[in-house]
>>> print(open('my_file.cif').read())   # mmCIF, C-alpha atoms and all ligand atoms
data_model
#
loop_
_atom_site.group_PDB
_atom_site.id
_atom_site.type_symbol
_atom_site.label_atom_id
_atom_site.label_comp_id
_atom_site.auth_asym_id
_atom_site.auth_seq_id
_atom_site.Cartn_x
_atom_site.Cartn_y
_atom_site.Cartn_z
ATOM 1 C CA MET G 1393 114.971 139.137 79.682
ATOM 2 C CA THR G 1394 114.273 136.284 82.108
ATOM 3 C CA THR G 1395 111.384 133.896 81.497
ATOM 4 C CA SER G 1396 109.908 131.924 84.362
ATOM 5 C CA LEU G 1397 108.906 128.271 83.903
ATOM 6 C CA PRO G 1398 105.185 127.478 84.222
ATOM 7 C CA THR G 1399 104.094 126.129 87.578
ATOM 8 C CA PHE G 1400 101.762 123.144 87.595
ATOM 9 C CA GLN G 1401 99.225 122.380 90.281
ATOM 10 C CA ALA G 1402 97.598 119.077 91.192
ATOM 11 C CA LYS G 1403 94.468 119.996 89.203
ATOM 12 C CA ASP G 1404 96.558 120.326 86.016
ATOM 13 C CA TYR G 1405 97.162 116.559 86.050
ATOM 14 C CA LYS G 1406 93.455 115.718 86.462
ATOM 15 C CA SER G 1407 91.690 114.650 83.257
ATOM 16 C CA ASP G 1408 88.014 115.189 82.416
ATOM 17 C CA LEU G 1409 87.313 111.467 82.819
ATOM 18 C CA LYS G 1410 85.326 110.773 85.979
ATOM 19 C CA PRO G 1411 86.617 107.781 88.025
ATOM 20 C CA ILE G 1412 84.137 104.911 88.134
ATOM 21 C CA TRP G 1413 85.617 103.180 91.203
ATOM 22 C CA CYS G 1414 83.254 102.106 94.000
ATOM 23 C CA PRO G 1415 82.630 104.853 96.587
ATOM 24 C CA GLY G 1416 85.312 104.515 99.269
ATOM 25 C CA CYS G 1417 87.821 102.607 97.103
ATOM 26 C CA GLY G 1418 91.384 103.319 98.206
ATOM 27 C CA ASP G 1419 92.394 104.057 94.623
ATOM 28 C CA PHE G 1420 90.740 107.504 94.838
ATOM 29 C CA GLY G 1421 93.289 108.475 97.475
ATOM 30 C CA VAL G 1422 96.180 107.014 95.493
ATOM 31 C CA LEU G 1423 95.142 109.097 92.496
ATOM 32 C CA GLN G 1424 95.148 112.244 94.653
ATOM 33 C CA GLY G 1425 98.597 111.330 95.961
ATOM 34 C CA ILE G 1426 99.836 110.953 92.380
ATOM 35 C CA TYR G 1427 98.392 114.361 91.377
ATOM 36 C CA ARG G 1428 100.168 115.995 94.329
ATOM 37 C CA ALA G 1429 103.462 114.244 93.626
ATOM 38 C CA LEU G 1430 103.354 115.290 89.973
ATOM 39 C CA ALA G 1431 102.649 118.894 90.961
ATOM 40 C CA ALA G 1432 105.695 118.782 93.246
ATOM 41 C CA ILE G 1433 107.817 117.399 90.392
ATOM 42 C CA ASN G 1434 106.337 120.136 88.142
ATOM 43 C CA ARG G 1435 106.797 118.374 84.796
ATOM 44 C CA PRO G 1436 104.286 119.380 82.095
ATOM 45 C CA PRO G 1437 101.726 116.611 81.452
ATOM 46 C CA HIS G 1438 102.925 116.157 77.860
ATOM 47 C CA GLU G 1439 106.339 115.099 79.220
ATOM 48 C CA ILE G 1440 104.816 112.231 81.221
ATOM 49 C CA ALA G 1441 103.842 108.753 80.011
ATOM 50 C CA PHE G 1442 101.654 106.719 82.338
ATOM 51 C CA VAL G 1443 101.314 102.987 81.626
ATOM 52 C CA SER G 1444 99.105 100.409 83.310
ATOM 53 C CA GLY G 1445 97.904 96.856 82.836
ATOM 54 C CA ILE G 1446 94.294 95.805 83.473
ATOM 55 C CA GLY G 1447 92.339 96.077 86.708
ATOM 56 C CA CYS G 1448 90.397 98.665 88.706
ATOM 57 C CA SER G 1449 93.671 100.313 89.733
ATOM 58 C CA SER G 1450 94.968 100.169 86.164
ATOM 59 C CA ARG G 1451 92.396 102.803 85.182
ATOM 60 C CA ILE G 1452 94.590 105.447 86.761
ATOM 61 C CA PRO G 1453 96.390 106.708 83.600
ATOM 62 C CA GLY G 1454 93.031 107.681 82.092
ATOM 63 C CA TYR G 1455 92.328 109.954 85.021
ATOM 64 C CA THR G 1456 95.475 111.989 84.404
ATOM 65 C CA THR G 1457 96.387 114.471 81.673
ATOM 66 C CA ALA G 1458 99.643 112.593 80.984
ATOM 67 C CA TYR G 1459 99.965 110.366 77.940
ATOM 68 C CA GLY G 1460 98.222 107.179 79.075
ATOM 69 C CA PHE G 1461 98.299 103.549 78.014
ATOM 70 C CA ASN G 1462 95.833 101.211 79.759
ATOM 71 C CA SER G 1463 97.528 98.236 78.150
ATOM 72 C CA VAL G 1464 97.416 94.455 78.633
ATOM 73 C CA HIS G 1465 96.989 92.540 81.895
ATOM 74 C CA GLY G 1466 100.433 92.037 83.436
ATOM 75 C CA ARG G 1467 102.412 93.680 80.633
ATOM 76 C CA ALA G 1468 102.693 97.289 81.801
ATOM 77 C CA LEU G 1469 106.365 97.025 82.802
ATOM 78 C CA PRO G 1470 107.752 95.802 79.447
ATOM 79 C CA ILE G 1471 105.716 98.447 77.617
ATOM 80 C CA ALA G 1472 106.927 101.166 79.973
ATOM 81 C CA GLN G 1473 110.556 100.093 79.540
ATOM 82 C CA GLY G 1474 110.142 100.272 75.756
ATOM 83 C CA ILE G 1475 108.727 103.801 76.032
ATOM 84 C CA LYS G 1476 111.553 104.897 78.323
ATOM 85 C CA LEU G 1477 114.242 103.517 76.030
ATOM 86 C CA ALA G 1478 112.652 105.118 72.965
ATOM 87 C CA LYS G 1479 112.097 108.474 74.702
ATOM 88 C CA PRO G 1480 114.466 108.678 77.693
ATOM 89 C CA ASP G 1481 113.477 112.248 78.491
ATOM 90 C CA LEU G 1482 109.880 111.296 79.262
ATOM 91 C CA LEU G 1483 108.925 110.767 82.877
ATOM 92 C CA VAL G 1484 107.561 107.206 82.779
ATOM 93 C CA LEU G 1485 105.186 105.964 85.475
ATOM 94 C CA VAL G 1486 103.587 102.536 85.804
ATOM 95 C CA ALA G 1487 100.559 101.681 87.942
ATOM 96 C CA GLY G 1488 98.423 98.627 88.552
ATOM 97 C CA GLY G 1489 97.114 96.081 90.992
ATOM 98 C CA ASP G 1490 98.800 93.329 92.980
ATOM 99 C CA GLY G 1491 97.290 90.757 90.613
ATOM 100 C CA ASP G 1492 98.541 92.590 87.566
ATOM 101 C CA GLY G 1493 102.016 93.080 89.027
ATOM 102 C CA PHE G 1494 102.715 89.943 91.057
ATOM 103 C CA SER G 1495 100.536 87.269 89.461
ATOM 104 C CA ILE G 1496 100.308 87.434 85.663
ATOM 105 C CA GLY G 1497 102.997 90.132 85.473
ATOM 106 C CA GLY G 1498 105.220 88.831 88.266
ATOM 107 C CA GLY G 1499 107.876 87.513 85.897
ATOM 108 C CA HIS G 1500 108.517 90.989 84.529
ATOM 109 C CA VAL G 1501 109.302 92.592 87.880
ATOM 110 C CA PRO G 1502 112.790 91.062 88.439
ATOM 111 C CA HIS G 1503 113.846 91.951 84.906
ATOM 112 C CA ALA G 1504 112.609 95.531 85.183
ATOM 113 C CA ILE G 1505 114.583 95.797 88.414
ATOM 114 C CA ARG G 1506 117.827 94.364 87.023
ATOM 115 C CA ARG G 1507 117.540 96.380 83.793
ATOM 116 C CA ASN G 1508 117.084 99.469 85.946
ATOM 117 C CA ALA G 1509 115.379 101.827 83.524
ATOM 118 C CA ASP G 1510 114.427 105.042 85.295
ATOM 119 C CA ILE G 1511 110.725 104.343 85.836
ATOM 120 C CA THR G 1512 108.463 104.418 88.891
ATOM 121 C CA TYR G 1513 106.163 101.475 89.555
ATOM 122 C CA ILE G 1514 103.165 102.057 91.859
ATOM 123 C CA VAL G 1515 101.197 98.981 92.919
ATOM 124 C CA MET G 1516 97.775 99.382 94.521
ATOM 125 C CA ASP G 1517 97.888 96.379 96.776
ATOM 126 C CA ASN G 1518 94.314 95.486 97.817
ATOM 127 C CA GLN G 1519 95.026 91.771 98.285
ATOM 128 C CA ILE G 1520 92.217 90.802 95.877
ATOM 129 C CA TYR G 1521 91.255 90.806 92.197
ATOM 130 C CA GLY G 1522 88.889 93.780 92.264
ATOM 131 C CA LEU G 1523 87.885 94.222 88.632
ATOM 132 C CA THR G 1524 86.901 90.582 88.154
ATOM 133 C CA LYS G 1525 84.834 90.623 91.353
ATOM 134 C CA GLY G 1526 86.836 89.320 94.238
ATOM 135 C CA GLN G 1527 88.997 86.268 93.450
ATOM 136 C CA LEU G 1528 92.168 85.446 95.422
ATOM 137 C CA SER G 1529 95.180 87.509 94.406
ATOM 138 C CA PRO G 1530 98.894 86.781 94.978
ATOM 139 C CA THR G 1531 98.936 88.999 98.073
ATOM 140 C CA SER G 1532 95.734 87.638 99.642
ATOM 141 C CA PRO G 1533 96.446 86.589 103.233
ATOM 142 C CA ARG G 1534 96.388 82.920 104.152
ATOM 143 C CA GLY G 1535 92.888 81.896 105.239
ATOM 144 C CA LEU G 1536 91.079 84.603 103.233
ATOM 145 C CA LYS G 1537 87.652 83.462 102.085
ATOM 146 C CA THR G 1538 86.762 84.630 98.598
ATOM 147 C CA VAL G 1539 84.653 83.399 95.703
ATOM 148 C CA THR G 1540 87.600 81.190 94.688
ATOM 149 C CA SER G 1541 88.564 80.076 98.203
ATOM 150 C CA GLU G 1542 85.433 79.006 100.007
ATOM 151 C CA TYR G 1543 87.479 77.325 102.773
ATOM 152 C CA GLY G 1544 90.006 80.133 103.017
ATOM 153 C CA SER G 1545 93.222 80.551 101.037
ATOM 154 C CA PHE G 1546 95.661 77.651 101.513
ATOM 155 C CA GLU G 1547 98.591 79.664 100.177
ATOM 156 C CA ASN G 1548 101.043 82.094 101.701
ATOM 157 C CA PRO G 1549 100.931 85.548 100.121
ATOM 158 C CA VAL G 1550 103.649 87.014 97.936
ATOM 159 C CA ASN G 1551 105.444 89.776 99.838
ATOM 160 C CA PRO G 1552 105.910 92.647 97.318
ATOM 161 C CA LEU G 1553 108.386 94.453 99.573
ATOM 162 C CA LEU G 1554 110.691 91.468 100.078
ATOM 163 C CA TYR G 1555 110.278 90.471 96.423
ATOM 164 C CA THR G 1556 111.515 93.811 95.082
ATOM 165 C CA LEU G 1557 114.196 94.213 97.753
ATOM 166 C CA ALA G 1558 115.523 90.705 97.121
ATOM 167 C CA TYR G 1559 115.828 91.333 93.377
ATOM 168 C CA GLY G 1560 117.897 94.445 94.045
ATOM 169 C CA ALA G 1561 115.514 97.370 93.511
ATOM 170 C CA GLY G 1562 117.257 100.650 94.301
ATOM 171 C CA PHE G 1563 114.181 102.242 95.832
ATOM 172 C CA VAL G 1564 111.390 100.448 97.732
ATOM 173 C CA ALA G 1565 108.686 102.209 99.752
ATOM 174 C CA GLN G 1566 105.176 101.702 101.077
ATOM 175 C CA GLY G 1567 102.318 104.109 101.684
ATOM 176 C CA THR G 1568 98.603 104.312 102.313
ATOM 177 C CA PRO G 1569 95.991 106.738 100.983
ATOM 178 C CA SER G 1570 94.919 107.279 104.612
ATOM 179 C CA ASP G 1571 98.105 109.329 104.942
ATOM 180 C CA MET G 1572 97.781 111.463 101.828
ATOM 181 C CA ALA G 1573 100.666 113.831 102.568
ATOM 182 C CA GLY G 1574 102.967 110.899 103.353
ATOM 183 C CA LEU G 1575 101.912 108.984 100.239
ATOM 184 C CA ALA G 1576 102.413 112.000 97.955
ATOM 185 C CA ALA G 1577 105.876 112.562 99.455
ATOM 186 C CA ILE G 1578 106.817 108.892 98.950
ATOM 187 C CA ILE G 1579 105.684 108.928 95.302
ATOM 188 C CA GLU G 1580 107.550 112.182 94.698
ATOM 189 C CA GLU G 1581 110.732 110.702 96.209
ATOM 190 C CA ALA G 1582 110.315 107.565 94.100
ATOM 191 C CA ILE G 1583 109.961 109.629 90.915
ATOM 192 C CA ARG G 1584 113.049 111.679 91.782
ATOM 193 C CA PHE G 1585 115.105 108.504 92.379
ATOM 194 C CA PRO G 1586 117.375 107.978 89.339
ATOM 195 C CA GLY G 1587 116.535 104.365 88.497
ATOM 196 C CA PHE G 1588 113.777 101.786 88.929
ATOM 197 C CA SER G 1589 111.656 102.657 91.955
ATOM 198 C CA PHE G 1590 108.833 100.678 93.538
ATOM 199 C CA VAL G 1591 105.998 101.965 95.731
ATOM 200 C CA ASN G 1592 103.577 99.503 97.310
ATOM 201 C CA VAL G 1593 100.355 101.227 98.343
ATOM 202 C CA GLN G 1594 97.972 99.536 100.746
ATOM 203 C CA SER G 1595 94.786 100.547 98.931
ATOM 204 C CA PRO G 1596 91.690 98.809 100.352
ATOM 205 C CA CYS G 1597 89.053 97.270 98.073
ATOM 206 C CA VAL G 1598 85.902 98.175 100.024
ATOM 207 C CA THR G 1599 83.668 95.957 97.887
ATOM 208 C CA PHE G 1600 85.487 92.615 97.709
ATOM 209 C CA GLY G 1601 88.409 93.045 100.091
ATOM 210 C CA GLU G 1602 88.910 91.614 103.538
ATOM 211 C CA ASP G 1603 86.124 92.756 105.850
ATOM 212 C CA ASP G 1604 88.510 94.103 108.415
ATOM 213 C CA GLN G 1605 88.093 97.444 110.103
ATOM 214 C CA GLN G 1606 91.862 97.689 110.494
ATOM 215 C CA ALA G 1607 92.261 97.663 106.738
ATOM 216 C CA ARG G 1608 89.987 100.700 106.547
ATOM 217 C CA ASP G 1609 91.638 102.474 109.435
ATOM 218 C CA HIS G 1610 95.222 102.589 108.281
ATOM 219 C CA LYS G 1611 96.020 105.881 109.906
ATOM 220 C CA ALA G 1612 95.552 104.493 113.401
ATOM 221 C CA HIS G 1613 97.706 101.427 112.725
ATOM 222 C CA MET G 1614 100.448 102.577 110.419
ATOM 223 C CA LYS G 1615 103.996 102.922 111.712
ATOM 224 C CA SER G 1616 106.296 105.460 110.139
ATOM 225 C CA LEU G 1617 109.699 103.995 109.267
ATOM 226 C CA ALA G 1618 111.297 107.420 109.737
ATOM 227 C CA ALA G 1619 109.835 107.708 113.245
ATOM 228 C CA LEU G 1620 111.205 104.235 114.059
ATOM 229 C CA GLY G 1621 114.680 105.486 113.130
ATOM 230 C CA HIS G 1622 114.996 102.984 110.270
ATOM 231 C CA ASP G 1623 118.224 103.275 108.245
ATOM 232 C CA SER G 1624 116.882 103.350 104.666
ATOM 233 C CA THR G 1625 120.408 102.990 103.233
ATOM 234 C CA SER G 1626 120.604 99.405 104.548
ATOM 235 C CA ARG G 1627 119.014 96.763 102.335
ATOM 236 C CA LEU G 1628 119.285 94.154 105.087
ATOM 237 C CA ALA G 1629 117.561 96.393 107.644
ATOM 238 C CA ALA G 1630 114.858 97.037 105.044
ATOM 239 C CA MET G 1631 114.407 93.299 104.411
ATOM 240 C CA ASP G 1632 114.178 92.649 108.124
ATOM 241 C CA LEU G 1633 111.295 95.122 108.478
ATOM 242 C CA ALA G 1634 109.678 94.022 105.211
ATOM 243 C CA GLN G 1635 109.160 90.569 106.700
ATOM 244 C CA ALA G 1636 106.323 92.100 108.729
ATOM 245 C CA TYR G 1637 104.289 92.650 105.546
ATOM 246 C CA GLY G 1638 100.727 91.530 106.317
ATOM 247 C CA THR G 1639 101.054 92.037 110.058
ATOM 248 C CA GLU G 1640 102.502 95.558 110.434
ATOM 249 C CA LEU G 1641 101.715 98.533 108.228
ATOM 250 C CA TYR G 1642 105.082 100.242 107.891
ATOM 251 C CA THR G 1643 104.995 103.411 105.818
ATOM 252 C CA GLY G 1644 107.844 105.334 104.253
ATOM 253 C CA VAL G 1645 111.040 104.396 102.481
ATOM 254 C CA PHE G 1646 112.318 100.893 103.222
ATOM 255 C CA TYR G 1647 115.380 101.207 101.008
ATOM 256 C CA LYS G 1648 117.016 103.903 98.919
ATOM 257 C CA ASP G 1649 120.365 103.110 97.332
ATOM 258 C CA PRO G 1650 122.746 105.850 98.515
ATOM 259 C CA ASN G 1651 124.966 105.338 95.439
ATOM 260 C CA PRO G 1652 122.624 104.371 92.616
ATOM 261 C CA PRO G 1653 124.323 103.190 89.407
ATOM 262 C CA PRO G 1654 123.419 104.986 86.132
ATOM 263 C CA SER G 1655 120.032 103.860 84.869
ATOM 264 C CA LEU G 1656 119.817 101.848 81.645
ATOM 265 C CA ASP G 1657 118.258 104.700 79.658
ATOM 266 C CA ARG G 1658 121.028 107.120 80.741
ATOM 267 C CA LEU G 1659 123.729 104.603 79.786
ATOM 268 C CA ILE G 1660 122.165 104.205 76.357
ATOM 269 C CA VAL G 1661 121.823 107.964 75.834
ATOM 270 C CA GLU G 1662 125.485 108.448 76.767
ATOM 271 C CA ARG G 1663 126.588 105.690 74.420
ATOM 272 C CA GLN G 1664 124.457 107.049 71.589
ATOM 273 C CA GLN G 1665 125.956 110.493 72.057
ATOM 274 C CA SER G 1666 129.417 109.008 71.666
ATOM 275 C CA LEU G 1667 128.357 107.446 68.366
ATOM 276 C CA VAL G 1668 127.027 110.489 66.547
ATOM 277 C CA SER G 1669 129.581 109.964 63.786
ATOM 278 C CA LYS G 1670 127.934 106.701 62.740
ATOM 279 C CA ALA G 1671 126.275 106.839 59.351
ATOM 280 C CA THR G 1672 122.771 105.502 59.931
ATOM 281 C CA PRO G 1673 120.382 105.318 62.897
ATOM 282 C CA ARG G 1674 120.390 101.530 62.460
ATOM 283 C CA GLU G 1675 124.167 101.372 62.871
ATOM 284 C CA ARG G 1676 123.937 103.586 65.900
ATOM 285 C CA ILE G 1677 121.340 101.321 67.538
ATOM 286 C CA PHE G 1678 123.427 98.179 66.938
ATOM 287 C CA ASP G 1679 126.561 99.860 68.192
ATOM 288 C CA THR G 1680 124.685 101.011 71.273
ATOM 289 C CA LEU G 1681 123.523 97.526 72.119
ATOM 290 C CA VAL G 1682 126.672 95.600 71.150
ATOM 291 C CA GLN G 1683 129.764 96.815 72.959
ATOM 292 C CA LYS G 1684 132.710 96.293 70.608
HETATM 293 C C1 LIG B 1 95.352 87.875 79.961
HETATM 294 C C2 LIG B 1 94.242 88.204 80.905
HETATM 295 N N1 LIG B 1 93.949 87.336 81.889
HETATM 296 C C3 LIG B 1 92.966 87.632 82.773
HETATM 297 C C4 LIG B 1 92.260 88.793 82.646
HETATM 298 C C5 LIG B 1 91.131 89.073 83.626
HETATM 299 N N2 LIG B 1 91.515 90.067 84.614
HETATM 300 C C6 LIG B 1 91.317 91.394 84.423
HETATM 301 S S1 LIG B 1 91.801 92.324 85.686
HETATM 302 C C7 LIG B 1 92.278 90.927 86.565
HETATM 303 C C8 LIG B 1 92.863 91.022 87.951
HETATM 304 C C9 LIG B 1 92.637 92.337 88.605
HETATM 305 O O1 LIG B 1 93.242 92.354 89.880
HETATM 306 P P1 LIG B 1 94.420 93.343 90.208
HETATM 307 O O2 LIG B 1 95.461 93.338 89.180
HETATM 308 O O3 LIG B 1 94.897 93.039 91.596
HETATM 309 O O4 LIG B 1 93.732 94.793 90.145
HETATM 310 P P2 LIG B 1 92.483 95.413 90.894
HETATM 311 O O5 LIG B 1 91.318 95.232 89.986
HETATM 312 O O6 LIG B 1 92.319 94.695 92.203
HETATM 313 O O7 LIG B 1 92.852 96.842 91.067
HETATM 314 C C10 LIG B 1 92.062 89.775 85.843
HETATM 315 C C11 LIG B 1 92.362 88.415 86.322
HETATM 316 C C12 LIG B 1 92.606 89.673 81.599
HETATM 317 N N3 LIG B 1 91.997 90.857 81.441
HETATM 318 N N4 LIG B 1 93.584 89.358 80.739
HETATM 319 S S1 LIG B 2 85.950 96.549 93.148
HETATM 320 FE FE1 LIG B 2 87.343 97.118 94.817
HETATM 321 S S2 LIG B 2 89.242 97.788 93.798
HETATM 322 FE FE2 LIG B 2 87.561 97.822 92.265
HETATM 323 S S3 LIG B 2 86.761 99.915 92.313
HETATM 324 FE FE3 LIG B 2 85.503 98.684 93.722
HETATM 325 S S4 LIG B 2 86.483 98.969 95.735
HETATM 326 FE FE4 LIG B 2 87.984 99.609 94.188
#
>>> encode(input="my_file.cif", output="structure tokens")
Amino acid sequence: MTTSLPTFQAKDYKSDLKPIWCPGCGDFGVLQGIYRALAAINRPPHEIAFVSGIGCSSRIPGYTTAYGFNSVHGRALPIAQGIKLAKPDLLVLVAGGDGDGFSIGGGHVPHAIRRNADITYIVMDNQIYGLTKGQLSPTSPRGLKTVTSEYGSFENPVNPLLYTLAYGAGFVAQGTPSDMAGLAAIIEEAIRFPGFSFVNVQSPCVTFGEDDQQARDHKAHMKSLAALGHDSTSRLAAMDLAQAYGTELYTGVFYKDPNPPPSLDRLIVERQQSLVSKATPRERIFDTLVQK
């Protein structure tokens, strides 16, 4: 007798919690893109762990039926890596804002990349601190006037694309909720990538963000990397294009390692399997971590 696997639809990943974002916030679209990507992956919600930090965007795990952890500001990545190492078979997703990821949590990003656990990190980049009512964030453009920069920001923004590419991430992409199908496809591809993957989403904050029509009209201004003929197997070509962050809205995959190395969680699982003869779990853990 053959049994068919259950098929999940986008609505199966939607929790009963009603989003409390401002009407028009870009994060609504990102959430829809995540639902669609998860339906395409077709993993049951109980096999997914969704971790976030603190911020408007960090509410996302609560709006899904996956296991969710709306954790501590800037600490989503270390928590997610711990979950993945403890339960390598879970699909582990991380989401949050540009402040959460590149300001208070910025020091964790390089280490998550070099450790290369198989997790997907989605940043909703609105170039502002939304939850705390509109202070400068690390990706705010130079000259931006906010409640904490009355004369305009004096600082250059962090470039999340160059940052992750420079530290060696195996998968780096960018999307916008204005292109829902494209965003869902990018998130799906990031999840399927066997290693740390990063998706920057240009998700406008309509309440405190830059009052710029262009920011709210992404579809008219975005440029598809695939249509430009970009070679996403070249890190240098990706870095060249990523320099236009803040001036051009490139969407799609900047870089995807054509020969990704085994992820950290897979290496540990393999090593543990070779140590099944060890007497105690404690011995097995030490032997896994310390190569003799
Ligand atoms: C340790 C700590 N410092 C500061 C805060 C206050 N805080 C909460 S969210 C936030 C920034 C939110 O901005 P971002 O991460 O970009 O997310 P958004 O709200 O824009 O989605 C700050 C500074 C906090 N909760 N915890
Ligand atoms: S403050 Fe900005 S980021 Fe937060 S919910 Fe409102 S529009 Fe979205």
>>> residues_around(input="my_file.cif", residues="region 1481-1493 of chain G", least_positions_apart="2", cutoff="7 Å", atoms="all atoms listed in the file", output="VMD selection string")
chain G and resid 1439 to 1447 1449 to 1450 1465 to 1466 1468 to 1469 1472 1476 1479 1495 to 1498 1511 to 1519 1521 1529 to 1531
>>> write_last_selection(input="my_file.cif", atoms="C-alpha atoms", output="mmCIF file, keeping the file's coordinate frame")
data_model
loop_
_atom_site.group_PDB
_atom_site.id
_atom_site.type_symbol
_atom_site.label_atom_id
_atom_site.label_comp_id
_atom_site.auth_asym_id
_atom_site.auth_seq_id
_atom_site.Cartn_x
_atom_site.Cartn_y
_atom_site.Cartn_z
ATOM 1 C CA GLU G 1439 106.339 115.099 79.220
ATOM 2 C CA ILE G 1440 104.816 112.231 81.221
ATOM 3 C CA ALA G 1441 103.842 108.753 80.011
ATOM 4 C CA PHE G 1442 101.654 106.719 82.338
ATOM 5 C CA VAL G 1443 101.314 102.987 81.626
ATOM 6 C CA SER G 1444 99.105 100.409 83.310
ATOM 7 C CA GLY G 1445 97.904 96.856 82.836
ATOM 8 C CA ILE G 1446 94.294 95.805 83.473
ATOM 9 C CA GLY G 1447 92.339 96.077 86.708
ATOM 10 C CA SER G 1449 93.671 100.313 89.733
ATOM 11 C CA SER G 1450 94.968 100.169 86.164
ATOM 12 C CA HIS G 1465 96.989 92.540 81.895
ATOM 13 C CA GLY G 1466 100.433 92.037 83.436
ATOM 14 C CA ALA G 1468 102.693 97.289 81.801
ATOM 15 C CA LEU G 1469 106.365 97.025 82.802
ATOM 16 C CA ALA G 1472 106.927 101.166 79.973
ATOM 17 C CA LYS G 1476 111.553 104.897 78.323
ATOM 18 C CA LYS G 1479 112.097 108.474 74.702
ATOM 19 C CA SER G 1495 100.536 87.269 89.461
ATOM 20 C CA ILE G 1496 100.308 87.434 85.663
ATOM 21 C CA GLY G 1497 102.997 90.132 85.473
ATOM 22 C CA GLY G 1498 105.220 88.831 88.266
ATOM 23 C CA ILE G 1511 110.725 104.343 85.836
ATOM 24 C CA THR G 1512 108.463 104.418 88.891
ATOM 25 C CA TYR G 1513 106.163 101.475 89.555
ATOM 26 C CA ILE G 1514 103.165 102.057 91.859
ATOM 27 C CA VAL G 1515 101.197 98.981 92.919
ATOM 28 C CA MET G 1516 97.775 99.382 94.521
ATOM 29 C CA ASP G 1517 97.888 96.379 96.776
ATOM 30 C CA ASN G 1518 94.314 95.486 97.817
ATOM 31 C CA GLN G 1519 95.026 91.771 98.285
ATOM 32 C CA TYR G 1521 91.255 90.806 92.197
ATOM 33 C CA SER G 1529 95.180 87.509 94.406
ATOM 34 C CA PRO G 1530 98.894 86.781 94.978
ATOM 35 C CA THR G 1531 98.936 88.999 98.073
#
>>> closest_residue(input="my_file.cif", among="G:Pro1436, G:Gly1574, G:Gly1644, G:Gly1416", to="ligand LIG 2 (chain B)", atoms="all atoms listed in the file")
G:Gly1416
>>> axis_aligned_box(input="my_file.cif", around="ligand LIG 1 (chain B)", padding_each_side="6 Å", output="AutoDock Vina command-line options")
--center_x 93.3 --center_y 92.1 --center_z 86.1 --size_x 16.3 --size_y 21.5 --size_z 24.2
>>> resolve_selection(input="my_file.cif", expression="the PyMOL selection byres (((chain G and resi 1624) around 10) and not hetatm)", output="number ranges by chain")
G: 1563-1565, 1617-1618, 1621-1623, 1625-1630, 1644-1650
>>> closest_residue(input="my_file.cif", among="G:Val1598, G:Leu1681, G:Ile1426, G:Ile1578", to="ligand LIG 1 (chain B)", atoms="all atoms listed in the file")
G:Val1598
